[in-house]
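> Got a structure for you, written out below as structure tokens; questions coming shortly.
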Amino acid sequence: MRNELIILLEKHCGTVRAEAAEIDICFDAFTPEPDEETLKRTIFLVHKIKGSSGALGFPDLSGAAHALEYALRNLHLQENLAGPLSDIYALSDTLQNRVLEMTPETSSLHKSSVMAQM
């Protein structure tokens with residue numbers, strides 16, 4: 001069962017890296033401001049990362065995605081997008097850094113499975 005868990009975590013890491021790359025592409029289209037479809041796609045991708053990463057033991061990544069999703073969902077409430085977009089880009093940088101740091105071994109599920117074998 002431990003091997004299946006490692007395979008699942010490796011697959012998740014690859015999937016998240018691909019989704020993070022797509023988020024970067026979406027952000028390239030945010031200038032001067034995001035269109036509705038790009039914003040929806042970005043929120044969808046960030047939401048996926050948030051949920052799946054939380055379920056698979058990556059709480060820092062899930063938390064970073066949560067903060068970015070919240071900011072993106074509230075973007076339409078802003079009259080002037082300059083400040084909020086600046087904040088969103090910073091949150092996106094945090095998310096991207098968490099993605100770069102993730103490995104199967106950094107998952108709390110992996111750590112739990114190692115401890116269970118001892």
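Order determines the names: the first chain of the structure tokens is A, the second B, and so forth; residues in each chain are numbered 1 upward, and ligands are numbered 1 upward as they are shown.
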Write down as a ChimeraX atom specification the residues of chain A whose backbone DSSP state falls under alpha helix (DSSP H).

/A:2-28,36-55,59-73,82-101,108-117

> In Å to one decimal, how far is CA of His12 (chain A) from CA of His110 (chain A)?

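Pair CA of His110 (chain A) / CA of His12 (chain A) returns 12.6 Å.
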
> Taking only C-alpha atoms into account, which of A:Ser86, A:Asn80, A:Asn3, A:Ser53 comes nearest Phe27 (chain A)?

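Using only C-alpha atoms, the shortest distance to Phe27 (chain A) belongs to A:Ser86.
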
> Pick out the closest residue to Ser62 (chain A) from this set: A:Ser107, A:Ala90, A:Ile25, A:Pro34. Count only C-alpha atoms.

A:Ser107

> Which residue gives the smallest distance to Gly57 (chain A) among A:Glu105, A:Glu33, A:Glu22, A:Glu4, with only C-alpha atoms counted?

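The shortest atom-to-atom distance to Gly57 (chain A) comes from A:Glu105.
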
> I'd like the interatomic distance between CA of Thr31 (chain A) and CA of Val99 (chain A), to a tenth of an Å.

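Separation of CA of Thr31 (chain A) and CA of Val99 (chain A): 23.5 Å.
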
> Rank nothing, just name the residue among A:Leu56, A:Ala67, A:Leu72, A:Leu95 nearest to Glu10 (chain A), using only C-alpha atoms.

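For Glu10 (chain A), the nearest of the candidates is A:Leu56.
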
> Identify, on the basis of only C-alpha atoms, every residue whose closest approach to Ile88 (chain A) does not exceed 9 Å; exclude the query and any residue fewer than 4 positions from it along the same chain; express the result as an MDAnalysis selection string.

chainID A and resid 68 71:72 75 83:84 92:93

> Given the choices A:Ala21, A:Leu5, A:Ala65, A:Leu77, which gets closest to Gly51 (chain A) if the distance is worked out from only C-alpha atoms?

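That would be A:Ala65, the residue with the smallest distance to Gly51 (chain A).
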
> Within 9 Å of Ile43 (chain A), counting only C-alpha atoms, which residues show up once you throw out same-chain ones fewer than 2 positions away? Write them as a list in words, please.

Ile23, Thr38, Leu39, Lys40, Arg41, Leu45, Val46, His47, Lys48, Leu68, Glu69, Tyr70, Leu72 and Arg73 of chain A

> Please produce an output containing N, CA, C and O atoms for each residue in the selection, written as a PDB file, in the first residue's frame.


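Produced file again.pdb, reproduced below:
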ATOM      1  N   ILE A  23      -1.655  28.117 -14.734  1.00  0.00           N
ATOM      2  CA  ILE A  23      -2.008  29.338 -13.987  1.00  0.00           C
ATOM      3  C   ILE A  23      -1.100  30.487 -14.422  1.00  0.00           C
ATOM      4  O   ILE A  23      -1.562  31.616 -14.617  1.00  0.00           O
ATOM      5  N   THR A  38     -10.860  33.920 -18.528  1.00  0.00           N
ATOM      6  CA  THR A  38      -9.527  33.666 -17.973  1.00  0.00           C
ATOM      7  C   THR A  38      -9.574  33.646 -16.461  1.00  0.00           C
ATOM      8  O   THR A  38      -8.951  32.792 -15.819  1.00  0.00           O
ATOM      9  N   LEU A  39     -10.322  34.560 -15.875  1.00  0.00           N
ATOM     10  CA  LEU A  39     -10.461  34.597 -14.425  1.00  0.00           C
ATOM     11  C   LEU A  39     -11.118  33.313 -13.921  1.00  0.00           C
ATOM     12  O   LEU A  39     -10.651  32.701 -12.960  1.00  0.00           O
ATOM     13  N   LYS A  40     -12.180  32.867 -14.584  1.00  0.00           N
ATOM     14  CA  LYS A  40     -12.856  31.629 -14.176  1.00  0.00           C
ATOM     15  C   LYS A  40     -11.915  30.429 -14.277  1.00  0.00           C
ATOM     16  O   LYS A  40     -11.896  29.571 -13.397  1.00  0.00           O
ATOM     17  N   ARG A  41     -11.149  30.357 -15.359  1.00  0.00           N
ATOM     18  CA  ARG A  41     -10.210  29.246 -15.543  1.00  0.00           C
ATOM     19  C   ARG A  41      -9.142  29.265 -14.455  1.00  0.00           C
ATOM     20  O   ARG A  41      -8.785  28.220 -13.904  1.00  0.00           O
ATOM     21  N   LEU A  45      -8.481  26.293 -11.612  1.00  0.00           N
ATOM     22  CA  LEU A  45      -7.200  25.610 -11.419  1.00  0.00           C
ATOM     23  C   LEU A  45      -6.690  25.761  -9.986  1.00  0.00           C
ATOM     24  O   LEU A  45      -6.215  24.797  -9.372  1.00  0.00           O
ATOM     25  N   VAL A  46      -6.791  26.964  -9.458  1.00  0.00           N
ATOM     26  CA  VAL A  46      -6.330  27.214  -8.083  1.00  0.00           C
ATOM     27  C   VAL A  46      -7.183  26.418  -7.100  1.00  0.00           C
ATOM     28  O   VAL A  46      -6.659  25.831  -6.139  1.00  0.00           O
ATOM     29  N   HIS A  47      -8.484  26.355  -7.342  1.00  0.00           N
ATOM     30  CA  HIS A  47      -9.383  25.596  -6.472  1.00  0.00           C
ATOM     31  C   HIS A  47      -9.025  24.108  -6.484  1.00  0.00           C
ATOM     32  O   HIS A  47      -9.029  23.452  -5.432  1.00  0.00           O
ATOM     33  N   LYS A  48      -8.713  23.573  -7.658  1.00  0.00           N
ATOM     34  CA  LYS A  48      -8.296  22.171  -7.759  1.00  0.00           C
ATOM     35  C   LYS A  48      -7.039  21.902  -6.937  1.00  0.00           C
ATOM     36  O   LYS A  48      -6.952  20.904  -6.221  1.00  0.00           O
ATOM     37  N   LEU A  68      -4.962  32.585  -2.572  1.00  0.00           N
ATOM     38  CA  LEU A  68      -5.050  33.091  -3.938  1.00  0.00           C
ATOM     39  C   LEU A  68      -6.472  32.973  -4.474  1.00  0.00           C
ATOM     40  O   LEU A  68      -6.987  33.911  -5.092  1.00  0.00           O
ATOM     41  N   GLU A  69      -7.120  31.846  -4.214  1.00  0.00           N
ATOM     42  CA  GLU A  69      -8.496  31.686  -4.680  1.00  0.00           C
ATOM     43  C   GLU A  69      -9.411  32.755  -4.078  1.00  0.00           C
ATOM     44  O   GLU A  69     -10.235  33.355  -4.777  1.00  0.00           O
ATOM     45  N   TYR A  70      -9.264  33.011  -2.801  1.00  0.00           N
ATOM     46  CA  TYR A  70     -10.077  34.022  -2.120  1.00  0.00           C
ATOM     47  C   TYR A  70      -9.889  35.389  -2.784  1.00  0.00           C
ATOM     48  O   TYR A  70     -10.862  36.100  -3.070  1.00  0.00           O
ATOM     49  N   LEU A  72      -8.803  36.027  -5.825  1.00  0.00           N
ATOM     50  CA  LEU A  72      -9.330  36.015  -7.185  1.00  0.00           C
ATOM     51  C   LEU A  72     -10.852  36.121  -7.198  1.00  0.00           C
ATOM     52  O   LEU A  72     -11.429  36.829  -8.018  1.00  0.00           O
ATOM     53  N   ARG A  73     -11.504  35.413  -6.288  1.00  0.00           N
ATOM     54  CA  ARG A  73     -12.969  35.432  -6.240  1.00  0.00           C
ATOM     55  C   ARG A  73     -13.507  36.813  -5.837  1.00  0.00           C
ATOM     56  O   ARG A  73     -14.631  37.161  -6.177  1.00  0.00           O
TER      57      ARG A  73
END
